[in-house]
$ cat structure.txt   # compact mmCIF, C-alpha atoms and all ligand atoms
# COMPACT_ATOMS: atom_id res chain seq x y z
CA MET A 1 -6.39 -11.48 14.38
CA LYS A 2 -7.46 -8.85 16.85
CA ILE A 3 -5.73 -5.57 17.50
CA GLY A 4 -6.67 -3.47 20.50
CA LEU A 5 -6.67 0.32 20.43
CA VAL A 6 -5.46 1.35 23.85
CA GLY A 7 -4.32 4.49 25.54
CA MET A 8 -5.06 7.06 28.17
CA PRO A 9 -8.61 8.33 28.64
CA GLU A 10 -9.63 10.89 25.99
CA SER A 11 -6.59 10.25 23.80
CA GLY A 12 -8.85 9.76 20.80
CA LYS A 13 -9.15 5.95 20.62
CA SER A 14 -12.81 5.98 19.62
CA THR A 15 -12.20 8.75 17.08
CA VAL A 16 -9.35 6.77 15.50
CA PHE A 17 -11.49 3.62 15.58
CA GLY A 18 -14.22 5.49 13.71
CA ALA A 19 -11.70 6.72 11.15
CA LEU A 20 -10.38 3.20 10.55
CA THR A 21 -13.70 1.41 10.33
CA GLY A 22 -15.97 4.13 8.95
CA PHE A 23 -18.33 3.31 11.83
CA GLU A 24 -20.12 6.07 13.62
CA VAL A 25 -19.06 5.65 17.19
CA ALA A 26 -19.69 7.64 20.31
CA THR A 27 -16.70 9.74 21.28
CA GLY A 28 -15.98 12.01 24.21
CA TYR A 29 -18.24 11.70 27.23
CA GLU A 30 -20.80 9.54 25.40
CA GLY A 31 -18.08 7.12 24.40
CA ARG A 32 -17.18 6.52 28.01
CA SER A 33 -19.20 3.33 28.36
CA SER A 34 -17.48 0.14 29.39
CA LYS A 35 -18.48 -1.61 26.16
CA ALA A 36 -15.72 -2.08 23.61
CA ASN A 37 -16.35 -1.28 19.92
CA VAL A 38 -15.27 -4.00 17.50
CA GLY A 39 -14.82 -3.57 13.75
CA VAL A 40 -13.31 -5.42 10.82
CA VAL A 41 -11.08 -3.44 8.49
CA LYS A 42 -9.76 -4.27 5.01
CA VAL A 43 -5.99 -4.05 4.69
CA PRO A 44 -5.24 -1.75 1.72
CA ASP A 45 -2.95 -3.63 -0.66
CA SER A 46 -1.64 -2.17 -3.92
CA ARG A 47 -0.66 -5.68 -5.06
CA VAL A 48 -4.30 -6.75 -5.01
CA ASP A 49 -5.23 -3.58 -6.92
CA ALA A 50 -2.54 -4.36 -9.51
CA MET A 51 -3.89 -7.88 -9.97
CA CYS A 52 -7.38 -6.45 -10.42
CA SER A 53 -6.08 -4.21 -13.20
CA LEU A 54 -4.96 -7.38 -15.04
CA TYR A 55 -7.96 -9.63 -14.40
CA ASP A 56 -10.88 -7.25 -13.90
CA PRO A 57 -12.38 -9.84 -11.52
CA LYS A 58 -16.00 -10.07 -10.40
CA LYS A 59 -14.87 -9.92 -6.82
CA THR A 60 -11.96 -8.38 -4.93
CA THR A 61 -11.04 -9.54 -1.46
CA TYR A 62 -8.47 -7.91 0.79
CA ALA A 63 -6.94 -9.30 3.96
CA GLU A 64 -8.79 -8.18 7.07
CA ILE A 65 -7.93 -7.35 10.63
CA THR A 66 -10.20 -6.74 13.57
CA PHE A 67 -9.81 -3.64 15.71
CA ARG A 68 -11.19 -3.36 19.22
CA ASP A 69 -11.60 0.08 20.68
CA LEU A 70 -10.98 -0.47 24.37
CA PRO A 71 -12.32 1.94 26.98
CA GLY A 72 -9.76 4.26 28.54
CA GLY A 73 -10.43 3.46 32.18
CA ARG A 74 -10.34 5.93 35.06
CA GLU A 75 -9.41 9.61 34.93
CA ASP A 76 -5.67 9.21 35.00
CA SER A 77 -4.82 5.55 34.70
CA LEU A 78 -5.89 2.22 33.31
CA ASP A 79 -7.93 0.01 35.57
CA ARG A 80 -7.81 -3.73 35.88
CA ALA A 81 -10.73 -4.34 33.51
CA VAL A 82 -8.90 -2.48 30.75
CA LEU A 83 -5.66 -4.37 31.37
CA ASN A 84 -7.58 -7.64 31.21
CA ALA A 85 -9.24 -6.66 27.93
CA MET A 86 -5.76 -5.92 26.59
CA ARG A 87 -4.69 -9.49 27.35
CA GLU A 88 -7.28 -10.83 24.91
CA VAL A 89 -5.94 -9.15 21.77
CA ASP A 90 -3.02 -10.27 19.59
CA ALA A 91 -1.38 -6.85 19.33
CA LEU A 92 -1.79 -3.35 20.72
CA CYS A 93 -1.94 0.08 19.15
CA GLN A 94 -1.51 2.90 21.60
CA VAL A 95 -3.33 6.08 20.60
CA LEU A 96 -1.44 9.13 21.89
CA ARG A 97 -3.15 12.49 22.39
CA GLY A 98 -1.38 15.00 20.17
CA PHE A 99 -4.01 17.74 20.56
CA GLU A 100 -4.91 20.03 23.44
CA SER A 101 -7.49 18.29 25.64
CA ALA A 102 -10.99 19.68 26.25
CA SER A 103 -9.81 20.92 29.65
CA GLY A 104 -6.83 22.71 28.06
CA GLU A 105 -4.08 20.23 28.89
CA PRO A 106 -1.24 20.38 26.33
CA PRO A 107 -0.27 17.09 24.65
CA ALA A 108 2.08 14.88 26.67
CA ALA A 109 2.49 11.90 24.39
CA LEU A 110 5.88 10.84 25.73
CA ASP A 111 4.43 10.67 29.27
CA GLU A 112 1.57 8.56 27.91
CA ILE A 113 4.01 6.09 26.32
CA ILE A 114 5.93 5.77 29.58
CA GLU A 115 2.79 5.50 31.70
CA LEU A 116 1.21 2.72 29.66
CA GLU A 117 4.54 0.91 29.58
CA THR A 118 4.90 1.20 33.36
CA GLU A 119 1.38 -0.06 33.99
CA CYS A 120 1.90 -3.02 31.68
CA ILE A 121 5.24 -3.84 33.30
CA LEU A 122 3.67 -3.76 36.77
CA ALA A 123 0.74 -5.94 35.67
CA ASP A 124 3.11 -8.52 34.14
CA LEU A 125 5.41 -8.39 37.14
CA GLN A 126 2.56 -9.23 39.47
CA ILE A 127 1.75 -12.35 37.46
CA VAL A 128 5.40 -13.40 37.32
CA GLU A 129 5.97 -12.85 41.05
CA ASP A 130 2.92 -14.90 42.02
CA ARG A 131 3.95 -17.74 39.75
CA VAL A 132 7.60 -17.67 40.82
CA ALA A 133 6.57 -17.86 44.48
CA ARG A 134 4.40 -20.88 43.73
CA LEU A 135 7.04 -22.67 41.65
CA ARG A 136 9.69 -22.08 44.32
CA LYS A 137 7.41 -23.67 46.87
CA ASP A 138 6.24 -26.75 45.00
CA ARG A 139 9.37 -27.19 42.81
CA SER A 140 7.22 -28.69 40.08
CA ASP A 141 8.89 -27.10 37.05
CA PRO A 142 12.51 -25.94 37.39
CA ARG A 143 12.73 -25.01 33.70
CA GLU A 144 9.77 -22.68 33.87
CA LEU A 145 10.99 -21.27 37.16
CA GLU A 146 14.34 -20.40 35.66
CA LEU A 147 12.71 -18.65 32.71
CA LEU A 148 10.24 -16.76 34.89
CA GLU A 149 13.05 -15.59 37.17
CA ARG A 150 14.72 -14.12 34.10
CA LEU A 151 11.49 -12.37 33.15
CA GLN A 152 11.18 -11.10 36.69
CA SER A 153 14.59 -9.45 36.66
CA ALA A 154 13.86 -7.87 33.27
CA LEU A 155 10.55 -6.46 34.48
CA GLU A 156 12.13 -5.24 37.73
CA ALA A 157 14.65 -3.38 35.55
CA GLU A 158 11.63 -1.84 33.76
CA THR A 159 12.26 -3.66 30.50
CA PRO A 160 9.23 -4.80 28.49
CA LEU A 161 9.40 -8.52 27.70
CA ARG A 162 9.23 -7.91 23.94
CA SER A 163 12.69 -6.30 24.19
CA ILE A 164 14.64 -9.10 25.86
CA GLY A 165 15.12 -11.34 22.83
CA LEU A 166 13.16 -14.41 23.94
CA GLY A 167 13.45 -17.46 21.70
CA GLU A 168 10.51 -19.08 19.92
CA GLU A 169 10.46 -21.99 22.33
CA GLU A 170 10.53 -19.69 25.36
CA ILE A 171 7.69 -17.61 23.96
CA ARG A 172 5.64 -20.77 23.42
CA LEU A 173 6.29 -21.86 26.99
CA ILE A 174 4.89 -18.63 28.46
CA SER A 175 2.14 -17.96 25.90
CA GLY A 176 -0.56 -18.91 28.40
CA TYR A 177 0.24 -15.92 30.61
CA ALA A 178 -0.71 -13.41 27.87
CA PHE A 179 1.93 -10.95 29.07
CA LEU A 180 1.08 -7.39 28.03
CA THR A 181 4.67 -6.27 27.48
CA LEU A 182 5.22 -9.21 25.12
CA LYS A 183 2.45 -8.12 22.77
CA PRO A 184 3.55 -6.29 19.62
CA LEU A 185 2.90 -2.57 20.02
CA LEU A 186 2.40 0.23 17.51
CA LEU A 187 2.20 3.90 18.46
CA ALA A 188 -0.38 6.16 16.79
CA LEU A 189 -0.01 9.86 17.39
CA ASN A 190 -3.40 11.56 17.03
CA VAL A 191 -2.38 15.05 15.86
CA PRO A 192 -4.55 18.18 15.47
CA GLU A 193 -6.12 18.68 12.05
CA ASP A 194 -3.93 21.70 11.22
CA SER A 195 -0.65 19.87 11.79
CA VAL A 196 -1.11 16.69 9.75
CA ALA A 197 1.76 17.73 7.48
CA GLU A 198 4.19 18.54 10.32
CA PRO A 199 6.93 16.10 11.30
CA VAL A 200 6.53 14.03 14.47
CA PRO A 201 8.37 15.64 17.43
CA ASP A 202 11.90 14.29 17.90
CA ASP A 203 11.36 13.06 21.45
CA LEU A 204 8.62 10.72 20.22
CA THR A 205 10.60 9.46 17.23
CA GLU A 206 13.48 8.72 19.58
CA ALA A 207 11.29 7.03 22.20
CA ALA A 208 9.80 4.78 19.50
CA ALA A 209 13.20 3.96 17.99
CA GLU A 210 14.72 3.17 21.40
CA ARG A 211 11.96 0.66 22.02
CA GLY A 212 11.88 -0.75 18.49
CA LEU A 213 8.27 0.36 18.03
CA GLY A 214 6.51 1.62 14.91
CA LEU A 215 5.03 5.13 15.02
CA VAL A 216 2.37 6.55 12.70
CA ALA A 217 0.97 10.08 12.91
CA LEU A 218 -2.61 10.68 11.88
CA SER A 219 -5.48 13.01 12.65
CA GLY A 220 -8.54 11.04 13.76
CA PRO A 221 -11.12 13.67 12.71
CA VAL A 222 -9.43 14.33 9.31
CA GLU A 223 -9.20 10.61 8.59
CA MET A 224 -12.84 10.20 9.54
CA ASP A 225 -13.80 12.90 7.02
CA ILE A 226 -11.70 11.26 4.32
CA ALA A 227 -13.22 7.84 5.00
CA GLN A 228 -16.68 9.29 4.44
CA MET A 229 -15.90 11.12 1.17
CA PRO A 230 -16.82 9.69 -2.25
CA GLU A 231 -13.75 8.17 -3.89
CA GLU A 232 -13.07 10.92 -6.47
CA GLU A 233 -13.32 13.65 -3.89
CA GLN A 234 -11.00 11.61 -1.69
CA SER A 235 -8.14 11.59 -4.19
CA GLU A 236 -8.57 15.29 -4.97
CA PHE A 237 -8.53 16.11 -1.29
CA LEU A 238 -5.41 14.01 -0.68
CA GLU A 239 -3.67 15.61 -3.63
CA SER A 240 -4.40 19.06 -2.24
CA LEU A 241 -2.64 17.99 0.96
CA GLY A 242 0.27 16.56 -1.01
CA LEU A 243 -0.51 13.03 0.17
CA GLU A 244 -0.68 9.83 -1.85
CA GLU A 245 -2.98 7.96 0.45
CA PRO A 246 -4.83 8.48 3.72
CA ALA A 247 -2.71 8.07 6.86
CA SER A 248 -5.23 5.47 7.99
CA HIS A 249 -4.04 3.19 5.16
CA ARG A 250 -0.46 3.42 6.39
CA PHE A 251 -1.66 2.82 9.91
CA ILE A 252 -3.69 -0.28 8.98
CA ARG A 253 -0.77 -1.75 7.05
CA ALA A 254 1.61 -1.09 9.94
CA ALA A 255 -0.88 -2.79 12.27
CA PHE A 256 -1.06 -5.79 9.91
CA ASP A 257 2.75 -6.02 9.88
CA LEU A 258 2.74 -6.13 13.68
CA ILE A 259 1.17 -9.55 13.80
CA ASP A 260 3.77 -11.10 11.51
CA LEU A 261 1.45 -12.18 8.75
CA ILE A 262 2.33 -12.16 5.07
CA SER A 263 -0.09 -12.24 2.12
CA MET A 264 -0.25 -14.75 -0.67
CA LEU A 265 -2.43 -13.83 -3.62
CA THR A 266 -4.84 -15.82 -5.75
CA VAL A 267 -5.95 -14.40 -9.07
CA GLY A 268 -8.50 -15.07 -11.80
CA PRO A 269 -11.52 -13.61 -13.55
CA ASP A 270 -13.78 -14.57 -10.64
CA GLU A 271 -11.75 -13.22 -7.77
CA CYS A 272 -8.46 -11.56 -6.92
CA ARG A 273 -7.70 -12.07 -3.30
CA ALA A 274 -5.09 -11.60 -0.59
CA TRP A 275 -4.82 -14.44 1.94
CA PRO A 276 -3.05 -13.66 5.19
CA VAL A 277 -0.80 -16.50 6.37
CA PRO A 278 1.74 -16.59 9.21
CA ARG A 279 5.31 -16.02 8.03
CA GLY A 280 7.03 -19.37 7.51
CA THR A 281 3.94 -21.30 6.39
CA PRO A 282 4.62 -24.28 4.07
CA ALA A 283 2.62 -24.43 0.82
CA PRO A 284 0.17 -27.23 1.77
CA ARG A 285 -0.85 -25.51 5.01
CA ALA A 286 -1.26 -22.23 3.15
CA ALA A 287 -3.47 -24.08 0.65
CA GLY A 288 -5.56 -25.26 3.60
CA LYS A 289 -6.52 -21.62 4.24
CA ILE A 290 -8.40 -21.73 0.95
CA HIS A 291 -9.92 -25.17 1.44
CA SER A 292 -9.02 -28.22 3.50
CA ASP A 293 -9.44 -30.41 0.36
CA ILE A 294 -6.63 -28.53 -1.34
CA GLU A 295 -4.33 -29.17 1.61
CA ARG A 296 -5.27 -32.86 1.76
CA GLY A 297 -4.86 -33.45 -1.99
CA PHE A 298 -1.90 -31.09 -2.43
CA ILE A 299 0.25 -31.95 -5.47
CA ARG A 300 2.19 -28.77 -6.20
CA ALA A 301 2.06 -24.99 -6.13
CA GLU A 302 2.62 -22.88 -9.23
CA VAL A 303 4.12 -19.64 -8.04
CA ILE A 304 4.69 -16.28 -9.74
CA HIS A 305 5.87 -13.19 -7.94
CA TRP A 306 3.17 -10.53 -8.31
CA GLU A 307 5.62 -8.01 -9.82
CA ASP A 308 6.60 -10.45 -12.58
CA LEU A 309 2.94 -11.09 -13.34
CA LEU A 310 2.22 -7.38 -13.48
CA ALA A 311 5.26 -6.67 -15.66
CA LEU A 312 4.65 -9.52 -18.13
CA GLY A 313 0.87 -9.22 -18.10
CA SER A 314 -0.23 -12.86 -18.06
CA GLU A 315 0.50 -16.25 -16.56
CA SER A 316 1.39 -17.78 -19.94
CA LYS A 317 3.96 -15.03 -20.60
CA CYS A 318 5.44 -15.71 -17.15
CA ARG A 319 5.65 -19.41 -17.97
CA GLU A 320 7.45 -18.67 -21.25
CA ALA A 321 9.86 -16.31 -19.52
CA GLY A 322 10.66 -18.87 -16.83
CA LYS A 323 9.04 -16.74 -14.14
CA LEU A 324 6.58 -19.42 -13.09
CA ARG A 325 8.03 -21.77 -10.50
CA VAL A 326 6.69 -25.19 -9.66
CA GLU A 327 7.08 -25.80 -5.93
CA GLY A 328 6.51 -28.86 -3.77
CA LYS A 329 5.19 -29.48 -0.28
CA ASP A 330 8.28 -28.11 1.48
CA TYR A 331 8.04 -24.71 -0.18
CA VAL A 332 7.60 -21.86 2.29
CA VAL A 333 5.13 -19.27 1.00
CA GLN A 334 6.59 -15.77 0.50
CA ASP A 335 4.92 -12.38 0.76
CA GLY A 336 3.44 -11.36 -2.60
CA ASP A 337 3.45 -14.87 -4.14
CA VAL A 338 0.66 -15.38 -6.66
CA ILE A 339 -0.19 -19.06 -6.30
CA HIS A 340 -2.23 -21.67 -8.14
CA PHE A 341 -2.48 -24.88 -6.16
CA ARG A 342 -2.74 -28.19 -8.03
CA PHE A 343 -4.46 -30.91 -6.05
CA ASN A 344 -6.22 -34.29 -6.20
CA VAL A 345 -9.81 -34.48 -5.09
N1 LIG A 401 -9.14 18.79 18.70
C1 LIG A 401 -9.18 17.48 18.58
N2 LIG A 401 -10.04 16.80 19.32
C2 LIG A 401 -10.05 15.45 19.19
C3 LIG A 401 -9.19 14.77 18.30
N3 LIG A 401 -9.42 13.44 18.41
C4 LIG A 401 -10.39 13.32 19.33
N4 LIG A 401 -10.78 14.53 19.81
C5 LIG A 401 -11.79 14.80 20.83
O1 LIG A 401 -11.31 14.33 22.08
C6 LIG A 401 -12.35 13.76 22.84
C7 LIG A 401 -12.00 12.33 23.19
O2 LIG A 401 -12.00 11.56 22.01
P1 LIG A 401 -12.39 10.02 22.03
O3 LIG A 401 -12.13 9.50 20.65
O4 LIG A 401 -13.70 9.77 22.64
O5 LIG A 401 -11.25 9.48 23.02
P2 LIG A 401 -11.14 8.06 23.70
O6 LIG A 401 -9.68 7.79 23.83
O7 LIG A 401 -11.95 7.06 22.99
O8 LIG A 401 -11.74 8.36 25.12
P3 LIG A 401 -12.18 7.30 26.26
O9 LIG A 401 -12.81 6.15 25.57
O10 LIG A 401 -13.10 8.07 27.08
O11 LIG A 401 -10.92 6.98 26.97
C8 LIG A 401 -13.61 13.88 21.99
O12 LIG A 401 -14.32 15.00 22.43
C9 LIG A 401 -13.08 14.05 20.59
O13 LIG A 401 -13.97 14.78 19.77
C10 LIG A 401 -8.28 15.54 17.53
O14 LIG A 401 -7.49 15.04 16.73
N5 LIG A 401 -8.33 16.90 17.70
MG MG A 402 -13.48 5.76 23.69

$ encode --input "structure.txt" --output "structure tokens"
Amino acid sequence: MKIGLVGMPESGKSTVFGALTGFEVATGYEGRSSKANVGVVKVPDSRVDAMCSLYDPKKTTYAEITFRDLPGGREDSLDRAVLNAMREVDALCQVLRGFESASGEPPAALDEIIELETECILADLQIVEDRVARLRKDRSDPRELELLERLQSALEAETPLRSIGLGEEEIRLISGYAFLTLKPLLLALNVPEDSVAEPVPDDLTEAAAERGLGLVALSGPVEMDIAQMPEEEQSEFLESLGLEEPASHRFIRAAFDLIDLISMLTVGPDECRAWPVPRGTPAPRAAGKIHSDIERGFIRAEVIHWEDLLALGSESKCREAGKLRVEGKDYVVQDGDVIHFRFNV
């Protein structure tokens, strides 16, 4: 799953990318190359940590997501190459400049939200108009034409496609177009280091709520410092700020939630691990994430909710207490399920 960091030039995308990945990346003028940075990030998960406290496993594996730091484009707008790179990712995070720019411009995050939205709407509209014109001419697919005409009126009314309540089947039908305004979007306000503890301005909270978008505030440079501290120092530093965890952790989890994945857990003395699976996945297909043999020979899934396992302390205690469920092939895996799959080889 790939998530693209997008936004206006100099909004701090590369700085935020560095904070998330711990990579040293070029920022500012040096970062202005056309090459995109790519990095894999572990999704912090307190459920995995809790399982590790029970099993003390040799190995711990978290879910992962891939971030791409996309270039910002021209001085004041996004060019076509950037828009095309945005089409290739599964979800978008828009980094908003919350600090005064090098040339002394005050932050204008609300304008940035509206500008990116407008550019994405125009880009999608162009695709829809071209396709509608073609379908009207050759009359090959009346069903698609009808749907695209609906999309066209929404876009003409400046509504992003993610807000018009498309059904699953409709989304499948148009998936090939990779519409930008249909991609899940998360807003990340990159605030100055001295205002990390301040609340997000009301106009931004409202703009996010109106659009049904998530909004996380973080300071790229502060998060980068935290990411590079030794662990003990990290918790002391966070405590001194009155924070329980780095903002980057909240941001990564919010980004993970964007792509509609849930996590099932596997546990044992060898490994405790989170496995991302799409919401709604039946048990055998989820088992196939671990190994195709387990899917093929699937017999049953033994399922404990991670909180029950943590509270009771062992699988046998859960079994005694009736907290271990035996589920068949129609069972739909739930977020936080600890699962043992039984299978024939
Ligand atoms: N004061 C301050 N400066 C920041 C902050 N975040 C980034 N900067 C600076 O702003 C400039 C732009 O940051 P980048 O991370 O390169 O921004 P970008 O969005 O990747 O820029 P482009 O890729 O050129 O579009 C750099 O000089 C950063 O050091 C911040 O939170 N506070
Ligand atoms: Mg950059």

$ atom_distance --input "structure.txt" --atom1 "atom CA of A:Ala301" --atom2 "atom CA of A:Val41"
29.2 Å

$ residues_around --input "structure.txt" --residues "A:Ser153" --least-positions-apart "5" --cutoff "12 Å" --atoms "only C-alpha atoms" --output "VMD selection string"
chain A and resid 121 124 to 125 128 to 129 132 146 to 148 158 to 161 164

$ closest_residue --input "structure.txt" --among "A:Ile299, A:Ile3, A:Ala108, A:Ala123" --to "A:Asp69" --atoms "all atoms listed in the file"
A:Ile3

$ residues_near_point --input "structure.txt" --point "(-1.9, 6.9, 27.3)" --cutoff "9 Å" --atoms "only C-alpha atoms" --output "list in words"
Val6, Gly7, Met8, Pro9, Glu10, Ser11, Gly72, Asp76, Ser77, Leu78, Gln94, Val95, Leu96, Arg97, Ala108, Ala109, Leu110, Asp111, Glu112, Ile113, Ile114, Glu115 and Leu116 of chain A

$ residues_near_point --input "structure.txt" --point "(-11.0, -6.1, 14.7)" --cutoff "7 Å" --atoms "all atoms listed in the file" --output "ChimeraX atom specification"
/A:2-3,38-41,65-68

$ residues_around --input "structure.txt" --residues "stretch 277-284 of chain A" --least-positions-apart "5" --cutoff "12 Å" --atoms "all atoms listed in the file" --output "PyMOL selection string"
chain A and resi 1+63-64+256-265+289-303+326-343

$ atom_distance --input "structure.txt" --atom1 "atom CA of A:Ala81" --atom2 "atom C5 of ligand LIG 401 (chain A)"
23.0 Å

$ atom_distance --input "structure.txt" --atom1 "atom O1 of ligand LIG 401 (chain A)" --atom2 "atom CA of A:Val191"
10.9 Å
